[in-house]
$ cat input_9.txt   # compact mmCIF, C-alpha atoms
# COMPACT_ATOMS: atom_id res chain seq x y z
CA MET P 26 18.17 -3.88 -8.99
CA GLY P 27 17.03 -2.10 -5.87
CA ARG P 28 14.48 -3.38 -3.39
CA LEU P 29 11.03 -2.05 -2.58
CA VAL P 30 10.94 -1.08 1.11
CA SER P 31 7.36 -0.56 2.25
CA VAL P 32 6.44 1.31 5.43
CA GLY P 33 2.74 0.86 4.71
CA ASN P 34 0.02 -1.10 6.50
CA VAL P 35 -0.86 -4.75 6.01
CA ILE P 36 -4.34 -5.45 7.33
CA VAL P 37 -7.15 -7.93 6.73
CA ASP P 38 -9.64 -7.20 3.96
CA ILE P 39 -13.21 -8.39 4.43
CA VAL P 40 -14.50 -8.02 0.87
CA MET P 41 -18.22 -8.20 0.02
CA ARG P 42 -19.70 -7.92 -3.46
CA ILE P 43 -23.08 -6.20 -3.69
CA ASP P 44 -25.33 -4.71 -6.35
CA ALA P 45 -25.40 -1.29 -4.67
CA LEU P 46 -24.81 0.32 -1.30
CA PRO P 47 -27.91 0.19 0.92
CA GLU P 48 -29.70 3.33 2.00
CA PRO P 49 -28.98 4.53 5.57
CA GLY P 50 -30.50 2.02 7.96
CA GLY P 51 -30.94 -0.54 5.15
CA ASP P 52 -29.33 -3.89 4.42
CA VAL P 53 -28.31 -5.87 1.37
CA ILE P 54 -27.25 -9.49 0.86
CA ALA P 55 -23.74 -9.88 -0.55
CA ALA P 56 -23.40 -11.97 -3.69
CA GLY P 57 -19.97 -13.12 -2.50
CA SER P 58 -17.35 -12.44 0.12
CA GLU P 59 -13.81 -13.28 1.16
CA ILE P 60 -11.39 -12.63 4.01
CA THR P 61 -7.80 -12.06 2.99
CA ALA P 62 -4.74 -10.02 3.90
CA GLY P 63 -4.61 -6.77 1.98
CA GLY P 64 -3.79 -3.09 2.31
CA GLY P 65 -0.10 -2.54 1.67
CA LEU P 66 0.42 -6.24 1.00
CA ASN P 67 -1.10 -5.84 -2.47
CA THR P 68 1.57 -3.36 -3.58
CA MET P 69 4.33 -5.60 -2.28
CA VAL P 70 2.88 -8.68 -3.99
CA ALA P 71 2.62 -6.74 -7.26
CA ALA P 72 6.30 -5.79 -7.06
CA ARG P 73 7.29 -9.36 -6.18
CA ARG P 74 5.33 -10.77 -9.13
CA ASP P 75 7.14 -8.33 -11.39
CA GLY P 76 10.51 -9.57 -10.17
CA MET P 77 11.48 -7.14 -7.39
CA ASP P 78 12.82 -8.03 -3.95
CA VAL P 79 10.60 -6.54 -1.25
CA VAL P 80 11.15 -5.57 2.38
CA PHE P 81 8.18 -4.93 4.70
CA ALA P 82 9.05 -2.51 7.49
CA GLY P 83 5.52 -1.88 8.79
CA GLN P 84 3.99 -3.09 12.03
CA TYR P 85 1.45 -5.89 12.59
CA GLY P 86 -0.19 -7.67 15.50
CA THR P 87 -1.07 -10.90 17.28
CA GLY P 88 -4.57 -12.39 17.21
CA PRO P 89 -7.05 -13.74 14.63
CA PHE P 90 -6.36 -10.96 12.13
CA GLY P 91 -2.66 -10.90 12.96
CA ASP P 92 -2.49 -14.61 12.12
CA VAL P 93 -3.93 -13.90 8.65
CA VAL P 94 -1.37 -11.12 8.12
CA ARG P 95 1.56 -13.23 9.31
CA ARG P 96 0.65 -16.14 7.03
CA ALA P 97 0.23 -13.85 4.06
CA LEU P 98 3.59 -12.18 4.64
CA ALA P 99 5.29 -15.56 4.91
CA ASP P 100 3.61 -16.82 1.74
CA SER P 101 4.41 -13.67 -0.26
CA GLY P 102 8.17 -14.06 0.01
CA VAL P 103 8.84 -10.56 1.35
CA THR P 104 11.50 -9.90 3.99
CA VAL P 105 9.80 -8.84 7.24
CA VAL P 106 11.71 -6.41 9.48
CA GLN P 107 9.50 -6.11 12.57
CA PRO P 108 8.73 -9.00 14.98
CA GLY P 109 5.16 -7.74 15.43
CA LEU P 110 3.31 -6.60 18.54
CA ALA P 111 2.27 -9.20 21.09
CA ASP P 112 -0.49 -7.27 22.86
CA VAL P 113 -2.71 -5.99 20.04
CA ASP P 114 -4.29 -7.52 16.94
CA SER P 115 -3.91 -6.31 13.36
CA GLY P 116 -6.66 -4.12 11.94
CA TYR P 117 -9.17 -4.90 9.22
CA CYS P 118 -11.08 -3.22 6.41
CA VAL P 119 -14.58 -3.91 5.14
CA ALA P 120 -14.52 -3.37 1.35
CA LEU P 121 -17.86 -3.14 -0.46
CA VAL P 122 -17.58 -3.71 -4.22
CA ASP P 123 -20.72 -2.72 -6.14
CA ALA P 124 -22.03 -3.66 -9.57
CA THR P 125 -20.10 -0.81 -11.23
CA THR P 126 -16.87 -2.31 -9.77
CA GLU P 127 -16.47 0.77 -7.55
CA ARG P 128 -15.34 0.04 -4.00
CA THR P 129 -16.15 1.65 -0.65
CA PHE P 130 -14.04 1.07 2.46
CA VAL P 131 -14.52 1.17 6.24
CA THR P 132 -11.38 0.47 8.29
CA SER P 133 -10.70 -0.49 11.90
CA VAL P 134 -7.14 0.31 13.02
CA GLY P 135 -4.98 -2.16 14.93
CA ALA P 136 -1.27 -2.81 15.43
CA GLU P 137 -0.40 -1.39 12.00
CA GLY P 138 -1.14 2.06 13.44
CA GLN P 139 1.64 1.78 16.04
CA LEU P 140 4.79 1.99 13.90
CA THR P 141 7.39 4.00 15.82
CA ARG P 142 10.61 5.73 14.87
CA ALA P 143 12.49 3.05 16.86
CA ASP P 144 10.86 0.42 14.64
CA LEU P 145 11.97 2.25 11.50
CA ASP P 146 15.53 2.50 12.79
CA HIS P 147 15.70 -1.29 12.28
CA VAL P 148 15.48 -0.77 8.50
CA ASP P 149 18.84 -1.16 6.77
CA LEU P 150 18.47 0.79 3.54
CA GLN P 151 20.69 0.06 0.56
CA ASP P 152 21.65 2.21 -2.42
CA ASP P 153 19.00 2.09 -5.17
CA ASP P 154 16.24 0.96 -2.80
CA ILE P 155 12.79 2.47 -3.36
CA VAL P 156 10.85 3.41 -0.23
CA PHE P 157 7.07 3.23 -0.64
CA VAL P 158 4.97 5.48 1.60
CA SER P 159 1.17 5.36 1.73
CA GLY P 160 -1.23 7.96 3.03
CA TYR P 161 -2.93 5.16 4.92
CA GLY P 162 0.16 4.92 7.12
CA LEU P 163 0.44 8.68 7.54
CA ALA P 164 -3.19 8.83 8.69
CA HIS P 165 -2.22 7.22 12.02
CA PRO P 166 -0.64 9.80 14.37
CA VAL P 167 2.14 7.50 15.61
CA ASN P 168 3.06 6.29 12.12
CA GLY P 169 2.78 9.69 10.49
CA ALA P 170 5.19 11.39 12.87
CA ALA P 171 7.62 8.46 12.78
CA ILE P 172 7.66 8.15 8.99
CA ALA P 173 8.08 11.88 8.36
CA ASP P 174 10.94 12.04 10.86
CA TRP P 175 12.60 8.93 9.42
CA LEU P 176 12.34 10.15 5.83
CA GLU P 177 14.63 13.05 6.73
CA THR P 178 17.41 10.48 7.29
CA VAL P 179 16.82 8.50 4.07
CA PRO P 180 19.90 8.88 1.81
CA PRO P 181 19.54 10.75 -1.49
CA SER P 182 20.41 7.53 -3.36
CA VAL P 183 17.14 6.01 -2.12
CA ARG P 184 14.05 7.10 -4.05
CA VAL P 185 10.76 7.69 -2.27
CA VAL P 186 7.42 6.92 -3.95
CA PHE P 187 4.39 8.39 -2.17
CA ASP P 188 0.79 7.31 -2.74
CA PRO P 189 -1.41 9.75 -0.78
CA SER P 190 -4.38 7.30 -0.65
CA PRO P 191 -8.11 8.09 -0.42
CA LEU P 192 -7.47 9.55 3.05
CA VAL P 193 -5.40 12.42 1.60
CA ASP P 194 -7.89 15.12 2.62
CA THR P 195 -7.68 13.98 6.27
CA LEU P 196 -3.87 14.19 6.52
CA PRO P 197 -2.36 17.10 8.47
CA GLY P 198 -1.17 19.74 6.00
CA ASP P 199 2.34 20.04 7.45
CA LEU P 200 2.79 16.26 7.39
CA LEU P 201 1.57 16.00 3.80
CA ALA P 202 3.88 18.81 2.73
CA ALA P 203 6.92 17.31 4.44
CA VAL P 204 6.44 13.85 2.92
CA SER P 205 5.66 15.27 -0.53
CA ALA P 206 8.81 17.40 -0.43
CA ARG P 207 10.97 14.29 0.12
CA SER P 208 9.11 12.22 -2.47
CA ASP P 209 10.78 11.57 -5.81
CA VAL P 210 7.43 10.42 -7.23
CA VAL P 211 3.91 11.22 -6.01
CA SER P 212 1.35 8.82 -7.49
CA ALA P 213 -2.35 9.61 -7.00
CA ASN P 214 -5.65 8.62 -8.56
CA SER P 215 -7.97 11.20 -10.10
CA ARG P 216 -10.04 11.77 -6.94
CA GLU P 217 -6.95 12.22 -4.81
CA ALA P 218 -5.44 14.59 -7.37
CA ARG P 219 -8.52 16.82 -7.26
CA LEU P 220 -8.31 16.90 -3.47
CA LEU P 221 -4.61 17.76 -3.60
CA SER P 222 -5.15 20.49 -6.20
CA PRO P 223 -8.75 21.73 -5.83
CA THR P 224 -8.21 24.80 -8.03
CA SER P 225 -6.97 22.80 -11.02
CA THR P 226 -9.56 22.49 -13.79
CA THR P 227 -8.01 19.43 -15.46
CA LEU P 228 -6.11 16.35 -14.33
CA ALA P 229 -3.16 17.50 -16.41
CA ALA P 230 -3.04 20.75 -14.44
CA ALA P 231 -3.48 18.87 -11.17
CA THR P 232 -0.54 16.61 -12.03
CA ALA P 233 1.66 19.63 -12.67
CA ALA P 234 0.56 21.23 -9.39
CA ILE P 235 1.28 18.06 -7.42
CA ALA P 236 4.70 17.70 -9.07
CA ALA P 237 5.56 21.22 -7.91
CA THR P 238 5.06 20.17 -4.28
CA ALA P 239 7.37 17.17 -4.67
CA ARG P 240 10.70 16.84 -6.46
CA GLY P 241 9.23 17.70 -9.84
CA THR P 242 7.63 14.36 -10.65
CA ALA P 243 4.02 13.24 -10.22
CA LEU P 244 1.60 10.72 -11.68
CA VAL P 245 -2.19 10.88 -11.75
CA ARG P 246 -3.98 7.64 -12.62
CA ASP P 247 -7.12 8.24 -14.66
CA GLY P 248 -8.59 4.73 -14.77
CA ALA P 249 -8.94 3.20 -18.23
CA HIS P 250 -7.78 6.44 -19.88
CA GLY P 251 -4.25 5.94 -18.59
CA CYS P 252 -1.95 7.99 -16.38
CA TRP P 253 -0.90 11.64 -16.52
CA VAL P 254 2.82 12.16 -15.95
CA VAL P 255 4.86 15.25 -15.16
CA GLU P 256 8.59 14.65 -14.96
CA SER P 257 11.27 17.10 -13.82
CA GLY P 258 9.15 20.16 -14.39
CA GLY P 259 8.12 19.18 -17.93
CA ALA P 260 4.67 19.42 -19.46
CA PRO P 261 1.94 16.91 -18.51
CA VAL P 262 1.85 13.85 -20.78
CA LEU P 263 -0.88 11.18 -20.86
CA VAL P 264 0.47 7.63 -21.01
CA PRO P 265 -2.52 5.72 -22.43
CA GLY P 266 -4.19 2.82 -20.67
CA PHE P 267 -5.16 -0.56 -22.08
CA PRO P 268 -8.80 -1.33 -22.97
CA VAL P 269 -10.17 -4.23 -20.92
CA VAL P 270 -13.49 -5.33 -19.45
CA ALA P 271 -13.28 -4.45 -15.74
CA VAL P 272 -14.60 -6.95 -13.22
CA ASP P 273 -13.23 -5.53 -9.96
CA THR P 274 -11.21 -2.33 -9.56
CA ASN P 275 -10.18 -3.19 -5.99
CA GLY P 276 -6.38 -3.35 -5.91
CA ALA P 277 -5.78 -1.73 -9.31
CA GLY P 278 -3.88 1.18 -7.78
CA ASP P 279 -1.80 -1.24 -5.70
CA ALA P 280 -0.88 -3.23 -8.81
CA HIS P 281 0.08 -0.01 -10.58
CA ALA P 282 2.27 1.15 -7.69
CA GLY P 283 4.08 -2.17 -7.21
CA VAL P 284 4.86 -2.68 -10.89
CA LEU P 285 5.86 0.97 -11.28
CA ALA P 286 8.40 0.53 -8.46
CA ALA P 287 9.71 -2.71 -9.96
CA ALA P 288 10.20 -1.11 -13.37
CA LEU P 289 11.92 1.92 -11.88
CA GLY P 290 14.11 -0.39 -9.81
CA ARG P 291 15.26 -2.10 -13.02
CA GLY P 292 16.29 1.26 -14.43
CA ALA P 293 13.33 1.96 -16.72
CA GLY P 294 12.58 5.57 -17.58
CA LEU P 295 9.44 7.00 -16.04
CA PRO P 296 7.21 6.88 -19.18
CA ASP P 297 8.14 3.22 -19.82
CA ALA P 298 7.64 2.36 -16.14
CA VAL P 299 4.21 4.02 -16.17
CA ARG P 300 3.20 2.19 -19.36
CA ARG P 301 4.14 -1.12 -17.75
CA ALA P 302 2.24 -0.18 -14.59
CA ASN P 303 -0.79 0.75 -16.73
CA ALA P 304 -0.69 -2.70 -18.33
CA ALA P 305 -0.46 -4.43 -14.95
CA ALA P 306 -3.38 -2.41 -13.57
CA ALA P 307 -5.45 -3.23 -16.65
CA LEU P 308 -4.88 -6.94 -16.12
CA ALA P 309 -5.64 -6.60 -12.40
CA VAL P 310 -9.14 -5.18 -12.96
CA THR P 311 -10.11 -8.19 -15.10
CA ARG P 312 -9.92 -10.39 -11.99
CA SER P 313 -11.91 -10.47 -8.77
CA GLY P 314 -10.13 -9.73 -5.51
CA PRO P 315 -7.66 -7.16 -4.17
CA ALA P 316 -4.35 -9.00 -4.79
CA THR P 317 -4.81 -9.53 -8.52
CA ALA P 318 -1.57 -8.10 -9.89
CA PRO P 319 -0.27 -10.11 -12.87
CA THR P 320 3.01 -11.92 -13.18
CA ALA P 321 5.84 -10.30 -15.13
CA GLY P 322 5.17 -12.71 -18.01
CA GLU P 323 1.51 -11.73 -18.20
CA THR P 324 2.39 -8.04 -18.27
CA ASP P 325 5.04 -8.68 -20.93
CA ALA P 326 2.47 -10.48 -23.05
CA LEU P 327 -0.01 -7.60 -22.88
CA LEU P 328 2.70 -5.09 -23.75
CA SER P 329 3.90 -7.21 -26.67
CA GLY P 330 0.37 -7.59 -28.01
CA ALA P 331 -0.22 -3.87 -27.74
$ encode --input "input_9.txt" --output "structure tokens"
Amino acid sequence: MGRLVSVGNVIVDIVMRIDALPEPGGDVIAAGSEITAGGGLNTMVAARRDGMDVVFAGQYGTGPFGDVVRRALADSGVTVVQPGLADVDSGYCVALVDATTERTFVTSVGAEGQLTRADLDHVDLQDDDIVFVSGYGLAHPVNGAAIADWLETVPPSVRVVFDPSPLVDTLPGDLLAAVSARSDVVSANSREARLLSPTSTTLAAATAAIAATARGTALVRDGAHGCWVVESGGAPVLVPGFPVVAVDTNGAGDAHAGVLAAALGRGAGLPDAVRRANAAAALAVTRSGPATAPTAGETDALLSGA
């Protein structure tokens, strides 16, 4: 089984639960809040809980937020490549989760935005590894250039999974094209898919259009409906979701991505891997918090019951 090698960002999430976003200039009182490490950590934790070894190759800092990140990485059981930066703190994200379970983010960038090509040269890739790239990382100029350059050296035996992230419409077009072209799987949510393929009238068509920019394979997550899949130039297929009562959608995409990578790493075919990822994401939204990916046993139980 290959490893998941993440070049994403681990930052601190400051999560607040509210009824609704305030009007400009207004204020609301949060019903609850928490401070926890998040960002790319959630995908790695999801893969670990599903039985995959994980390597974190991203950058992180020193300071109050860096301490939270370092503890979380140590507790998660992932292998950490970089020693961290001594002169800058890690960044943080304010996540507002409203009564509909929708989430809105505001992010402050720190050390995670200073990943260089020299840092990435410390990564010792192995056959059958899966490299996970996030649009959040590409959004930082230093990281974006370094990751795109490094991906050109990644061996063909190593698969690349690319999640363009909500920042996809802010990414430089040439950078997005270069990373997509090296990606074996592009996995987007419905909003991101519409941004990537604005002329497509359906998510099925958008999935096919995205697949054409990569190596023939793309996924578009459509919430509770499931996930559209185009594989090797085939027709779009909807892999159904699992009906649940959603409590918090924060981290659902991360759970999907991590479990998808773990299933692919075990040799599962893409439709089976997506179905397992759908089940994990369904379980994740029934729990509050960003790092709510289920264990492998919990996902197995949902799949067996279905």
$ residues_around --input "input_9.txt" --residues "P:Glu323" --least-positions-apart "6" --cutoff "12 Å" --atoms "only C-alpha atoms" --output "PyMOL selection string"
chain P and resi 74-75+301+304-309+317+329-330
$ residues_around --input "input_9.txt" --residues "P:Ser222" --least-positions-apart "6" --cutoff "9 Å" --atoms "only C-alpha atoms" --output "ChimeraX atom specification"
/P:230-232,234-235
$ residues_around --input "input_9.txt" --residues "P:Val94" --least-positions-apart "4" --cutoff "9 Å" --atoms "all atoms listed in the file" --output "ChimeraX atom specification"
/P:35-37,61-63,66,85-86,90,98-99,115
$ atom_distance --input "input_9.txt" --atom1 "atom CA of P:Ala56" --atom2 "atom CA of P:Arg312"
15.9 Å
$ residues_around --input "input_9.txt" --residues "stretch 269-282 of chain P" --least-positions-apart "2" --cutoff "7 Å" --atoms "only C-alpha atoms" --output "ChimeraX atom specification"
/P:67-68,71,126-128,267,284-286,302-303,305-307,309-318
$ atom_distance --input "input_9.txt" --atom1 "atom CA of P:Thr227" --atom2 "atom CA of P:Gly283"
26.1 Å
$ closest_residue --input "input_9.txt" --among "P:Asp209, P:Ser225, P:Pro268, P:Arg42" --to "P:Glu256" --atoms "only C-alpha atoms"
P:Asp209
$ atom_distance --input "input_9.txt" --atom1 "atom CA of P:Val79" --atom2 "atom CA of P:Val103"
5.1 Å
$ residues_around --input "input_9.txt" --residues "P:Ala287" --least-positions-apart "2" --cutoff "9 Å" --atoms "only C-alpha atoms" --output "number ranges by chain"
P: 26-29, 71-73, 75-78, 155, 282-285, 289-293, 298
$ closest_residue --input "input_9.txt" --among "P:Ser31, P:Ser208, P:Ser133, P:Gln107" --to "P:Gly241" --atoms "all atoms listed in the file"
P:Ser208
$ residues_near_point --input "input_9.txt" --point "(4.8, 4.7, -21.9)" --cutoff "10 Å" --atoms "all atoms listed in the file" --output "list in words"
Gly251, Cys252, Val254, Val262, Leu263, Val264, Pro265, Gly266, Gly294, Leu295, Pro296, Asp297, Ala298, Val299, Arg300, Arg301, Ala302, Asn303 and Ala304 of chain P
$ axis_aligned_box --input "input_9.txt" --around "stretch 228-239 of chain P" --padding-each-side "8 Å" --output "JSON"
{"center_x": 0.6, "center_y": 18.8, "center_z": -10.3, "size_x": 29.5, "size_y": 20.9, "size_z": 28.1}
$ closest_residue --input "input_9.txt" --among "P:Leu220, P:Ser212, P:Pro49, P:Val32" --to "P:Ala173" --atoms "all atoms listed in the file"
P:Val32
$ closest_residue --input "input_9.txt" --among "P:Asp174, P:Met41, P:Ala97, P:Thr226" --to "P:Val122" --atoms "all atoms listed in the file"
P:Met41
$ closest_residue --input "input_9.txt" --among "P:Val70, P:Pro191, P:Asn168, P:Asn214" --to "P:Gly102" --atoms "all atoms listed in the file"
P:Val70
$ closest_residue --input "input_9.txt" --among "P:Val204, P:Leu145, P:Ala236, P:Leu196" --to "P:Trp175" --atoms "only C-alpha atoms"
P:Leu145
$ build_atoms --input "input_9.txt" --residues "stretch 301-323 of chain P" --atoms "N, CA, C and O atoms" --output "mmCIF file, in the frame of the given file"
data_model
loop_
_atom_site.group_PDB
_atom_site.id
_atom_site.type_symbol
_atom_site.label_atom_id
_atom_site.label_comp_id
_atom_site.auth_asym_id
_atom_site.auth_seq_id
_atom_site.Cartn_x
_atom_site.Cartn_y
_atom_site.Cartn_z
ATOM 1 N N ARG P 301 4.178 0.243 -18.293
ATOM 2 C CA ARG P 301 4.140 -1.120 -17.750
ATOM 3 C C ARG P 301 3.161 -1.215 -16.585
ATOM 4 O O ARG P 301 2.398 -2.182 -16.472
ATOM 5 N N ALA P 302 3.171 -0.202 -15.721
ATOM 6 C CA ALA P 302 2.240 -0.180 -14.590
ATOM 7 C C ALA P 302 0.799 -0.096 -15.078
ATOM 8 O O ALA P 302 -0.099 -0.737 -14.510
ATOM 9 N N ASN P 303 0.550 0.682 -16.148
ATOM 10 C CA ASN P 303 -0.790 0.750 -16.730
ATOM 11 C C ASN P 303 -1.249 -0.629 -17.199
ATOM 12 O O ASN P 303 -2.409 -1.015 -17.007
ATOM 13 N N ALA P 304 -0.346 -1.358 -17.835
ATOM 14 C CA ALA P 304 -0.690 -2.700 -18.330
ATOM 15 C C ALA P 304 -1.012 -3.633 -17.172
ATOM 16 O O ALA P 304 -1.980 -4.409 -17.227
ATOM 17 N N ALA P 305 -0.221 -3.567 -16.111
ATOM 18 C CA ALA P 305 -0.460 -4.430 -14.950
ATOM 19 C C ALA P 305 -1.802 -4.098 -14.296
ATOM 20 O O ALA P 305 -2.561 -5.001 -13.906
ATOM 21 N N ALA P 306 -2.110 -2.806 -14.169
ATOM 22 C CA ALA P 306 -3.380 -2.410 -13.570
ATOM 23 C C ALA P 306 -4.556 -2.853 -14.435
ATOM 24 O O ALA P 306 -5.603 -3.271 -13.918
ATOM 25 N N ALA P 307 -4.389 -2.784 -15.752
ATOM 26 C CA ALA P 307 -5.450 -3.230 -16.650
ATOM 27 C C ALA P 307 -5.734 -4.719 -16.468
ATOM 28 O O ALA P 307 -6.896 -5.151 -16.424
ATOM 29 N N LEU P 308 -4.687 -5.506 -16.351
ATOM 30 C CA LEU P 308 -4.880 -6.940 -16.120
ATOM 31 C C LEU P 308 -5.513 -7.193 -14.753
ATOM 32 O O LEU P 308 -6.356 -8.091 -14.599
ATOM 33 N N ALA P 309 -5.128 -6.394 -13.758
ATOM 34 C CA ALA P 309 -5.640 -6.600 -12.400
ATOM 35 C C ALA P 309 -7.148 -6.426 -12.324
ATOM 36 O O ALA P 309 -7.825 -7.155 -11.592
ATOM 37 N N VAL P 310 -7.697 -5.450 -13.071
ATOM 38 C CA VAL P 310 -9.140 -5.180 -12.960
ATOM 39 C C VAL P 310 -9.982 -6.221 -13.698
ATOM 40 O O VAL P 310 -11.207 -6.222 -13.558
ATOM 41 N N THR P 311 -9.353 -7.123 -14.432
ATOM 42 C CA THR P 311 -10.110 -8.190 -15.100
ATOM 43 C C THR P 311 -10.321 -9.382 -14.173
ATOM 44 O O THR P 311 -10.933 -10.372 -14.590
ATOM 45 N N ARG P 312 -9.847 -9.280 -12.936
ATOM 46 C CA ARG P 312 -9.920 -10.390 -11.990
ATOM 47 C C ARG P 312 -10.565 -9.916 -10.696
ATOM 48 O O ARG P 312 -10.380 -8.778 -10.281
ATOM 49 N N SER P 313 -11.275 -10.807 -10.036
ATOM 50 C CA SER P 313 -11.910 -10.470 -8.770
ATOM 51 C C SER P 313 -10.921 -10.616 -7.627
ATOM 52 O O SER P 313 -10.139 -11.568 -7.586
ATOM 53 N N GLY P 314 -10.981 -9.660 -6.690
ATOM 54 C CA GLY P 314 -10.130 -9.730 -5.510
ATOM 55 C C GLY P 314 -9.137 -8.589 -5.488
ATOM 56 O O GLY P 314 -8.850 -7.962 -6.512
ATOM 57 N N PRO P 315 -8.571 -8.299 -4.308
ATOM 58 C CA PRO P 315 -7.660 -7.160 -4.170
ATOM 59 C C PRO P 315 -6.232 -7.447 -4.633
ATOM 60 O O PRO P 315 -5.566 -6.561 -5.144
ATOM 61 N N ALA P 316 -5.743 -8.671 -4.444
ATOM 62 C CA ALA P 316 -4.350 -9.000 -4.790
ATOM 63 C C ALA P 316 -4.308 -9.688 -6.144
ATOM 64 O O ALA P 316 -3.988 -10.869 -6.258
ATOM 65 N N THR P 317 -4.650 -8.941 -7.190
ATOM 66 C CA THR P 317 -4.810 -9.530 -8.520
ATOM 67 C C THR P 317 -3.754 -9.059 -9.505
ATOM 68 O O THR P 317 -3.952 -9.145 -10.713
ATOM 69 N N ALA P 318 -2.637 -8.537 -8.999
ATOM 70 C CA ALA P 318 -1.570 -8.100 -9.890
ATOM 71 C C ALA P 318 -1.063 -9.265 -10.723
ATOM 72 O O ALA P 318 -0.959 -10.395 -10.239
ATOM 73 N N PRO P 319 -0.743 -9.031 -11.994
ATOM 74 C CA PRO P 319 -0.270 -10.110 -12.870
ATOM 75 C C PRO P 319 1.182 -10.467 -12.608
ATOM 76 O O PRO P 319 1.914 -9.737 -11.921
ATOM 77 N N THR P 320 1.600 -11.573 -13.180
ATOM 78 C CA THR P 320 3.010 -11.920 -13.180
ATOM 79 C C THR P 320 3.728 -11.074 -14.223
ATOM 80 O O THR P 320 3.108 -10.451 -15.097
ATOM 81 N N ALA P 321 5.050 -11.061 -14.147
ATOM 82 C CA ALA P 321 5.840 -10.300 -15.130
ATOM 83 C C ALA P 321 5.573 -10.814 -16.542
ATOM 84 O O ALA P 321 5.472 -10.025 -17.490
ATOM 85 N N GLY P 322 5.429 -12.142 -16.686
ATOM 86 C CA GLY P 322 5.170 -12.710 -18.010
ATOM 87 C C GLY P 322 3.834 -12.267 -18.581
ATOM 88 O O GLY P 322 3.722 -12.004 -19.787
ATOM 89 N N GLU P 323 2.821 -12.181 -17.730
ATOM 90 C CA GLU P 323 1.510 -11.730 -18.200
ATOM 91 C C GLU P 323 1.553 -10.273 -18.638
ATOM 92 O O GLU P 323 0.958 -9.893 -19.657
#
